[in-house]
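Structure file query-v2.cif with mmCIF, C-alpha atoms:
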data_run
loop_
_atom_site.group_PDB
_atom_site.id
_atom_site.type_symbol
_atom_site.label_atom_id
_atom_site.label_comp_id
_atom_site.auth_asym_id
_atom_site.auth_seq_id
_atom_site.Cartn_x
_atom_site.Cartn_y
_atom_site.Cartn_z
ATOM 1 C CA ILE A 1 105.593 105.657 116.565
ATOM 2 C CA ASP A 2 106.873 109.132 117.362
ATOM 3 C CA ASP A 3 105.371 110.510 114.135
ATOM 4 C CA LEU A 4 102.065 108.842 114.928
ATOM 5 C CA LEU A 5 101.983 110.318 118.434
ATOM 6 C CA ARG A 6 102.756 113.797 117.100
ATOM 7 C CA ALA A 7 99.882 113.592 114.633
ATOM 8 C CA ARG A 8 97.375 112.164 117.125
ATOM 9 C CA ARG A 9 95.206 114.877 118.680
ATOM 10 C CA ASP A 10 92.471 113.172 120.664
ATOM 11 C CA GLY A 11 92.048 110.058 122.742
ATOM 12 C CA GLN A 12 94.124 108.191 125.268
ATOM 13 C CA THR A 13 97.176 106.212 124.245
ATOM 14 C CA ALA A 14 99.225 103.474 125.882
ATOM 15 C CA LEU A 15 102.463 101.813 124.790
ATOM 16 C CA LEU A 16 103.705 98.305 125.400
ATOM 17 C CA VAL A 17 106.452 96.127 123.947
ATOM 18 C CA TYR A 18 106.649 92.378 123.551
ATOM 19 C CA SER A 19 109.113 89.619 122.741
ATOM 20 C CA ASP A 20 108.524 86.240 124.370
ATOM 21 C CA ASP A 21 106.410 88.190 126.874
ATOM 22 C CA ALA A 22 104.701 91.606 126.992
ATOM 23 C CA PHE A 23 105.673 94.616 129.106
ATOM 24 C CA VAL A 24 103.897 97.925 129.710
ATOM 25 C CA VAL A 25 105.943 101.029 128.891
ATOM 26 C CA SER A 26 103.109 103.456 129.603
ATOM 27 C CA PRO A 27 99.489 102.883 130.675
ATOM 28 C CA LEU A 28 96.664 104.786 128.994
ATOM 29 C CA THR A 29 97.278 108.522 129.197
ATOM 30 C CA ASP A 30 96.347 111.805 127.522
ATOM 31 C CA ASP A 31 99.960 112.955 127.804
ATOM 32 C CA VAL A 32 101.651 111.571 124.687
ATOM 33 C CA GLN A 33 104.817 113.516 125.535
ATOM 34 C CA THR A 34 105.390 111.101 128.409
ATOM 35 C CA ILE A 35 105.364 108.227 125.929
ATOM 36 C CA GLN A 36 107.558 110.075 123.436
ATOM 37 C CA ALA A 37 110.173 110.667 126.134
ATOM 38 C CA GLN A 38 110.598 106.902 126.576
ATOM 39 C CA LEU A 39 110.902 105.931 122.914
ATOM 40 C CA ASN A 40 114.653 106.560 122.616
ATOM 41 C CA ALA A 41 115.348 104.092 125.417
ATOM 42 C CA LEU A 42 113.526 101.266 123.627
ATOM 43 C CA SER A 43 115.484 98.696 121.629
ATOM 44 C CA PRO A 44 115.456 94.899 121.266
ATOM 45 C CA GLY A 45 118.457 94.807 123.596
ATOM 46 C CA VAL A 46 116.435 95.956 126.626
ATOM 47 C CA MET A 47 114.052 93.013 126.368
ATOM 48 C CA PRO A 48 114.748 90.213 128.866
ATOM 49 C CA GLY A 49 114.023 87.516 126.263
ATOM 50 C CA GLN A 50 113.810 86.912 122.533
ATOM 51 C CA GLY A 51 110.812 86.016 120.402
ATOM 52 C CA GLU A 52 107.691 87.574 118.966
ATOM 53 C CA LYS A 53 104.652 86.274 120.843
ATOM 54 C CA LEU A 54 102.064 88.698 119.561
ATOM 55 C CA SER A 55 99.290 86.857 121.398
ATOM 56 C CA ARG A 56 100.829 87.913 124.724
ATOM 57 C CA GLY A 57 101.143 91.482 123.501
ATOM 58 C CA LEU A 58 97.465 91.536 122.555
ATOM 59 C CA THR A 59 96.458 90.057 125.912
ATOM 60 C CA GLN A 60 98.412 92.759 127.733
ATOM 61 C CA ALA A 61 96.953 95.473 125.504
ATOM 62 C CA VAL A 62 93.343 94.534 126.155
ATOM 63 C CA SER A 63 94.154 94.209 129.849
ATOM 64 C CA LEU A 64 95.223 97.877 129.855
ATOM 65 C CA LEU A 65 91.981 98.870 128.140
ATOM 66 C CA LEU A 66 89.828 96.885 130.556
ATOM 67 C CA GLN A 67 91.643 98.298 133.583
ATOM 68 C CA ALA A 68 90.856 101.788 132.297
ATOM 69 C CA GLY A 69 87.181 100.879 131.866
ATOM 70 C CA GLN A 70 87.337 100.978 128.058
ATOM 71 C CA SER A 71 84.815 98.461 126.707
ATOM 72 C CA HIS A 72 86.013 99.123 123.162
ATOM 73 C CA GLY A 73 89.099 100.583 121.532
ATOM 74 C CA ASP A 74 91.836 100.180 118.957
ATOM 75 C CA ILE A 75 95.088 98.255 119.202
ATOM 76 C CA LEU A 76 97.849 99.085 116.715
ATOM 77 C CA VAL A 77 100.606 96.503 116.279
ATOM 78 C CA VAL A 78 103.928 97.594 114.751
ATOM 79 C CA THR A 79 105.811 94.526 113.556
ATOM 80 C CA ALA A 80 107.595 92.823 110.668
ATOM 81 C CA GLY A 81 105.723 89.572 111.139
ATOM 82 C CA ALA A 82 106.638 86.298 112.822
ATOM 83 C CA VAL A 83 103.099 85.881 114.163
ATOM 84 C CA ASP A 84 102.752 83.092 116.731
ATOM 85 C CA GLU A 85 100.037 80.433 116.518
ATOM 86 C CA GLY A 86 97.703 82.011 119.080
ATOM 87 C CA ALA A 87 97.663 85.460 117.479
ATOM 88 C CA MET A 88 94.903 84.772 114.951
ATOM 89 C CA ASP A 89 92.598 83.308 117.598
ATOM 90 C CA ALA A 90 93.378 86.263 119.856
ATOM 91 C CA VAL A 91 92.441 88.934 117.301
ATOM 92 C CA LYS A 92 89.180 87.166 116.461
ATOM 93 C CA THR A 93 88.267 86.976 120.146
ATOM 94 C CA LEU A 94 89.148 90.614 120.763
ATOM 95 C CA LYS A 95 87.055 91.686 117.778
ATOM 96 C CA THR A 96 83.958 90.062 119.291
ATOM 97 C CA MET A 97 84.727 91.915 122.537
ATOM 98 C CA GLY A 98 84.710 95.285 120.747
ATOM 99 C CA TYR A 99 88.420 95.850 120.109
ATOM 100 C CA ARG A 100 89.846 96.452 116.617
ATOM 101 C CA ILE A 101 93.384 95.338 115.788
ATOM 102 C CA SER A 102 95.291 97.171 113.063
ATOM 103 C CA ILE A 103 98.784 96.354 111.832
ATOM 104 C CA GLU A 104 101.666 98.545 110.661
ATOM 105 C CA GLY A 105 104.207 96.417 108.821
ATOM 106 C CA VAL A 106 107.884 97.320 109.070
ATOM 107 C CA GLY A 107 110.450 95.918 106.664
ATOM 108 C CA THR A 108 110.695 94.638 103.108
ATOM 109 C CA LEU A 109 109.697 91.479 101.298
ATOM 110 C CA GLU A 110 113.361 90.903 100.382
ATOM 111 C CA GLY A 111 114.371 91.008 104.033
ATOM 112 C CA ALA A 112 117.616 91.874 105.809
ATOM 113 C CA PRO A 113 120.004 90.216 108.316
ATOM 114 C CA ILE A 114 119.088 90.524 111.989
ATOM 115 C CA PRO A 115 121.741 92.541 113.896
ATOM 116 C CA LEU A 116 122.812 91.357 117.346
ATOM 117 C CA THR A 117 123.321 93.722 120.286
ATOM 118 C CA GLY A 118 126.994 92.782 120.673
ATOM 119 C CA GLY A 119 127.729 93.062 116.962
ATOM 120 C CA GLY A 120 127.372 90.714 114.053
ATOM 121 C CA PHE A 121 124.185 89.092 112.785
ATOM 122 C CA LYS A 122 121.906 86.326 113.969
ATOM 123 C CA LYS A 123 122.560 82.940 112.404
ATOM 124 C CA SER A 124 120.441 79.840 112.009
ATOM 125 C CA ALA A 125 121.326 76.399 113.404
ATOM 126 C CA GLY A 126 122.932 75.581 110.066
ATOM 127 C CA GLY A 127 125.247 78.591 110.279
ATOM 128 C CA GLY A 128 123.509 80.746 107.662
ATOM 129 C CA LEU A 129 122.249 84.257 108.230
ATOM 130 C CA GLU A 130 118.666 84.542 109.458
ATOM 131 C CA MET A 131 116.671 87.068 107.468
ATOM 132 C CA ALA A 132 113.854 89.226 108.799
ATOM 133 C CA ARG A 133 111.232 89.540 106.063
ATOM 134 C CA LEU A 134 107.950 91.414 106.046
ATOM 135 C CA ASP A 135 105.086 88.902 106.232
ATOM 136 C CA LEU A 136 102.752 91.025 104.123
ATOM 137 C CA LYS A 137 100.116 88.370 103.486
ATOM 138 C CA GLY A 138 100.007 87.128 107.084
ATOM 139 C CA LEU A 139 99.825 90.590 108.622
ATOM 140 C CA TRP A 140 97.144 91.741 106.190
ATOM 141 C CA SER A 141 95.057 88.664 107.016
ATOM 142 C CA LEU A 142 95.545 89.307 110.735
ATOM 143 C CA ALA A 143 94.315 92.906 110.457
ATOM 144 C CA GLN A 144 91.279 91.823 108.430
ATOM 145 C CA SER A 145 90.358 89.220 111.030
ATOM 146 C CA GLY A 146 90.761 91.811 113.781
ATOM 147 C CA GLY A 147 88.431 94.328 112.138
ATOM 148 C CA GLY A 148 91.285 96.786 111.558
ATOM 149 C CA ILE A 149 93.433 97.904 108.636
ATOM 150 C CA TYR A 150 96.921 97.068 107.421
ATOM 151 C CA ARG A 151 99.478 99.609 106.263
ATOM 152 C CA THR A 152 103.196 99.300 105.487
ATOM 153 C CA LEU A 153 105.595 101.833 107.004
ATOM 154 C CA ASP A 154 106.031 104.865 104.730
ATOM 155 C CA ASP A 155 109.037 106.898 105.878
ATOM 156 C CA GLU A 156 108.704 109.584 103.231
ATOM 157 C CA GLY A 157 105.059 110.383 102.506
ATOM 158 C CA HIS A 158 103.576 109.363 105.878
ATOM 159 C CA ARG A 159 100.545 108.053 104.007
ATOM 160 C CA ASP A 160 100.472 105.149 106.449
ATOM 161 C CA ILE A 161 99.998 107.487 109.419
ATOM 162 C CA GLU A 162 97.266 109.435 107.649
ATOM 163 C CA ALA A 163 95.393 106.229 106.857
ATOM 164 C CA ILE A 164 95.768 104.844 110.383
ATOM 165 C CA LEU A 165 94.602 108.063 112.068
ATOM 166 C CA GLU A 166 91.652 108.322 109.697
ATOM 167 C CA PHE A 167 90.673 104.769 110.600
ATOM 168 C CA LEU A 168 91.070 105.362 114.341
ATOM 169 C CA ASP A 169 88.784 108.394 114.116
ATOM 170 C CA ARG A 170 86.129 106.301 112.382
ATOM 171 C CA LYS A 171 83.567 104.841 114.772
ATOM 172 C CA PRO A 172 83.456 101.036 114.678
ATOM 173 C CA GLU A 173 80.349 99.319 113.363
ATOM 174 C CA THR A 174 78.455 97.715 116.242
ATOM 175 C CA THR A 175 77.548 94.112 115.518
ATOM 176 C CA ASP A 176 76.706 91.084 117.589
ATOM 177 C CA ASN A 177 78.465 87.738 117.334
ATOM 178 C CA ALA A 178 76.294 86.674 114.419
ATOM 179 C CA GLY A 179 77.354 89.655 112.382
ATOM 180 C CA ASP A 180 73.895 91.274 112.289
ATOM 181 C CA PRO A 181 73.434 94.909 113.345
ATOM 182 C CA VAL A 182 72.609 95.299 117.004
ATOM 183 C CA GLU A 183 69.452 97.235 117.801
ATOM 184 C CA VAL A 184 69.939 99.759 120.581
ATOM 185 C CA ASN A 185 67.115 101.541 122.381
ATOM 186 C CA GLN A 186 67.706 105.279 122.274
ATOM 187 C CA TRP A 187 65.751 107.690 124.498
ATOM 188 C CA ARG A 188 63.895 110.376 122.598
ATOM 189 C CA GLU A 189 63.630 113.531 124.687
ATOM 190 C CA SER A 190 60.084 114.894 124.237
ATOM 191 C CA GLY A 191 59.648 116.445 127.683
ATOM 192 C CA VAL A 192 60.329 119.891 126.273
ATOM 193 C CA LEU A 193 56.812 119.809 124.737
ATOM 194 C CA LEU A 194 55.326 119.816 128.242
ATOM 195 C CA LEU A 195 57.121 122.997 129.298
ATOM 196 C CA PRO A 196 54.310 125.424 128.238
ATOM 197 C CA VAL A 197 51.751 123.455 130.295
ATOM 198 C CA ILE A 198 54.097 123.291 133.289
ATOM 199 C CA LEU A 199 54.823 127.019 133.071
ATOM 200 C CA PHE A 200 51.058 127.756 132.900
ATOM 201 C CA LEU A 201 50.368 125.618 135.971
ATOM 202 C CA ALA A 202 53.350 127.137 137.771
ATOM 203 C CA GLY A 203 51.949 130.576 136.994
ATOM 204 C CA LEU A 204 48.584 129.641 138.532
ATOM 205 C CA LEU A 205 50.277 128.295 141.654
ATOM 206 C CA PHE A 206 52.345 131.450 141.954
ATOM 207 C CA ARG A 207 49.171 133.564 141.688
#
Rendering of file as structure tokens:
Amino acid sequence: IDDLLRARRDGQTALLVYSDDAFVVSPLTDDVQTIQAQLNALSPGVMPGQGEKLSRGLTQAVSLLLQAGQSHGDILVVTAGAVDEGAMDAVKTLKTMGYRISIEGVGTLEGAPIPLTGGGFKKSAGGGLEMARLDLKGLWSLAQSGGGIYRTLDDEGHRDIEAILEFLDRKPETTDNAGDPVEVNQWRESGVLLLPVILFLAGLLFR
């Protein structure tokens, strides 16, 4: 996230976190340094509950955009997976409203044990270690349904950040709910052609 903020030049950015509920870290702002200053304090241990209810995170994200008067925008989700049931419906709804949802996947397909704040690793009800695995297929499908892109975290080449920023800078295609292009009336300024006549008349009045 810090690398992404450093590379981002234009536009407003907000940051929120979610577990079983969503919480705003920073509302929309042009000052990304304010957001960067709060990143070091973020960890799973500061969350009041456990879980990954992405649908609540998306609801909070679009709420921030609407409060700022943004009728369209981009939402980037950084996650390993564990998408709740309402997430797919949420991204489809937000897409029709004019918001694109992109996903940055963190983790590996092989997975790794989940560390606990007090030490040790999270275990299942049967006593075995719970593994956090990257849900590549699910996250890719979610991004496609949300009109965004999917990229996996690339610590070395930062190709993921380049691709995400390039996508964010690309204007979204405007379509209606049926998927057909929306026709928009655009004013054509032709008044400049009347200036010589107006200047002539003004000259006569001045005389």
task = Evaluate the PyMOL selection byres ((chain A and resi 155) around 12) on the structure here and hand back the selected residues as JSON, numbers by chain.
result = {"A": [1, 2, 3, 4, 105, 106, 107, 152, 153, 154, 156, 157, 158, 159, 160, 161]}
Take the selection from the previous step and output its residues with C-alpha atoms, as a compact mmCIF listing (two decimals), keeping the file's coordinate frame.
# COMPACT_ATOMS: atom_id res chain seq x y z
CA ILE A 1 105.59 105.66 116.56
CA ASP A 2 106.87 109.13 117.36
CA ASP A 3 105.37 110.51 114.14
CA LEU A 4 102.06 108.84 114.93
CA GLY A 105 104.21 96.42 108.82
CA VAL A 106 107.88 97.32 109.07
CA GLY A 107 110.45 95.92 106.66
CA THR A 152 103.20 99.30 105.49
CA LEU A 153 105.60 101.83 107.00
CA ASP A 154 106.03 104.86 104.73
CA GLU A 156 108.70 109.58 103.23
CA GLY A 157 105.06 110.38 102.51
CA HIS A 158 103.58 109.36 105.88
CA ARG A 159 100.54 108.05 104.01
CA ASP A 160 100.47 105.15 106.45
CA ILE A 161 100.00 107.49 109.42
task = Would you kindly return, as a ChimeraX atom specification, each protein, DNA or RNA residue with an atom no farther than 6 Å from any atom of A:Tyr99, considering only C-alpha atoms and excluding same-chain residues fewer than 3 positions away?
result = /A:72-74,94-95
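Using all atoms listed in the file for every distance, the candidate list A:Ser71, A:Thr108, A:Ser55, A:Ser145 yields A:Thr108 as the residue closest to A:Met131.
Near A:Leu136, within 12 Å and counting all atoms listed in the file, sit Thr79, Ala80, Gly81, Ala82, Val83, Ile103, Glu104, Gly105, Val106, Gly107, Thr108, Leu109, Glu110, Gly111, Ser141, Leu142, Ala143, Tyr150, Arg151, Thr152 and Leu153 of chain A, not including residues fewer than 5 positions from it in the same chain.
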Would you mind exporting C-alpha atoms of the selected residues as a short mmCIF file (atom, residue, chain, number, x, y, z; two decimals), keeping the file's coordinate frame?
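The resulting out_18.cif:
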data_model
loop_
_atom_site.label_atom_id
_atom_site.label_comp_id
_atom_site.auth_asym_id
_atom_site.auth_seq_id
_atom_site.Cartn_x
_atom_site.Cartn_y
_atom_site.Cartn_z
CA THR A 79 105.81 94.53 113.56
CA ALA A 80 107.60 92.82 110.67
CA GLY A 81 105.72 89.57 111.14
CA ALA A 82 106.64 86.30 112.82
CA VAL A 83 103.10 85.88 114.16
CA ILE A 103 98.78 96.35 111.83
CA GLU A 104 101.67 98.54 110.66
CA GLY A 105 104.21 96.42 108.82
CA VAL A 106 107.88 97.32 109.07
CA GLY A 107 110.45 95.92 106.66
CA THR A 108 110.70 94.64 103.11
CA LEU A 109 109.70 91.48 101.30
CA GLU A 110 113.36 90.90 100.38
CA GLY A 111 114.37 91.01 104.03
CA SER A 141 95.06 88.66 107.02
CA LEU A 142 95.54 89.31 110.74
CA ALA A 143 94.32 92.91 110.46
CA TYR A 150 96.92 97.07 107.42
CA ARG A 151 99.48 99.61 106.26
CA THR A 152 103.20 99.30 105.49
CA LEU A 153 105.60 101.83 107.00
#
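With all atoms listed in the file as the basis for measurement, A:Met47 is the residue among A:Leu39, A:Ile75, A:Met47, A:Leu139 that approaches A:Asp21 most closely.
One distance worth recording is that between atom CA of A:Gln36 and atom CA of A:Ala87, which is 27.2 Å.
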Residues within 8 Å of (93.7, 102.8, 128.9), file coords, only C-alpha atoms, listed as a PyMOL selection string = chain A and resi 12-14+27-29+64-70
Requested write-out: C-alpha atoms of the selected residues, as a compact mmCIF listing (two decimals), in the coordinates of the input:
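Saved file again.txt follows:
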# COMPACT_ATOMS: atom_id res chain seq x y z
CA GLN A 12 94.12 108.19 125.27
CA THR A 13 97.18 106.21 124.24
CA ALA A 14 99.22 103.47 125.88
CA PRO A 27 99.49 102.88 130.68
CA LEU A 28 96.66 104.79 128.99
CA THR A 29 97.28 108.52 129.20
CA LEU A 64 95.22 97.88 129.85
CA LEU A 65 91.98 98.87 128.14
CA LEU A 66 89.83 96.88 130.56
CA GLN A 67 91.64 98.30 133.58
CA ALA A 68 90.86 101.79 132.30
CA GLY A 69 87.18 100.88 131.87
CA GLN A 70 87.34 100.98 128.06
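Here atom CA of A:Glu166 and atom CA of A:Arg6 stand 14.4 Å from one another.
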message = Is it possible to get the residues within 9 Å of (97.0, 88.6, 122.6) (coordinates as in the file, counting only C-alpha atoms) written as a list in words?
response = Lys53, Leu54, Ser55, Arg56, Gly57, Leu58, Thr59, Gln60, Ala61, Val62, Gly86, Ala87, Met88, Asp89, Ala90, Val91 and Leu94 of chain A
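Of note, atom CA of A:Ser102 and atom CA of A:Pro48 are spaced 26.0 Å apart.
When all atoms listed in the file are used to measure the gap to A:Val32, the shortest distance among A:Gly138, A:Pro44, A:Gly51, A:Gly11 belongs to A:Gly11.
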Go ahead and fit an axis-aligned box to every listed atom of stretch 41-49 of chain A plus 4 Å each side, and pass me the centre and edge lengths in Å, one decimal, as AutoDock Vina command-line options.
--center_x 116.0 --center_y 95.8 --center_z 125.1 --size_x 12.9 --size_y 24.6 --size_z 15.6
ask   = For this file, the PyMOL selection byres ((chain A and resi 43) around 12) selects which residues, as a ChimeraX atom specification?
value = /A:17-19,38-42,44-48,50,115-117
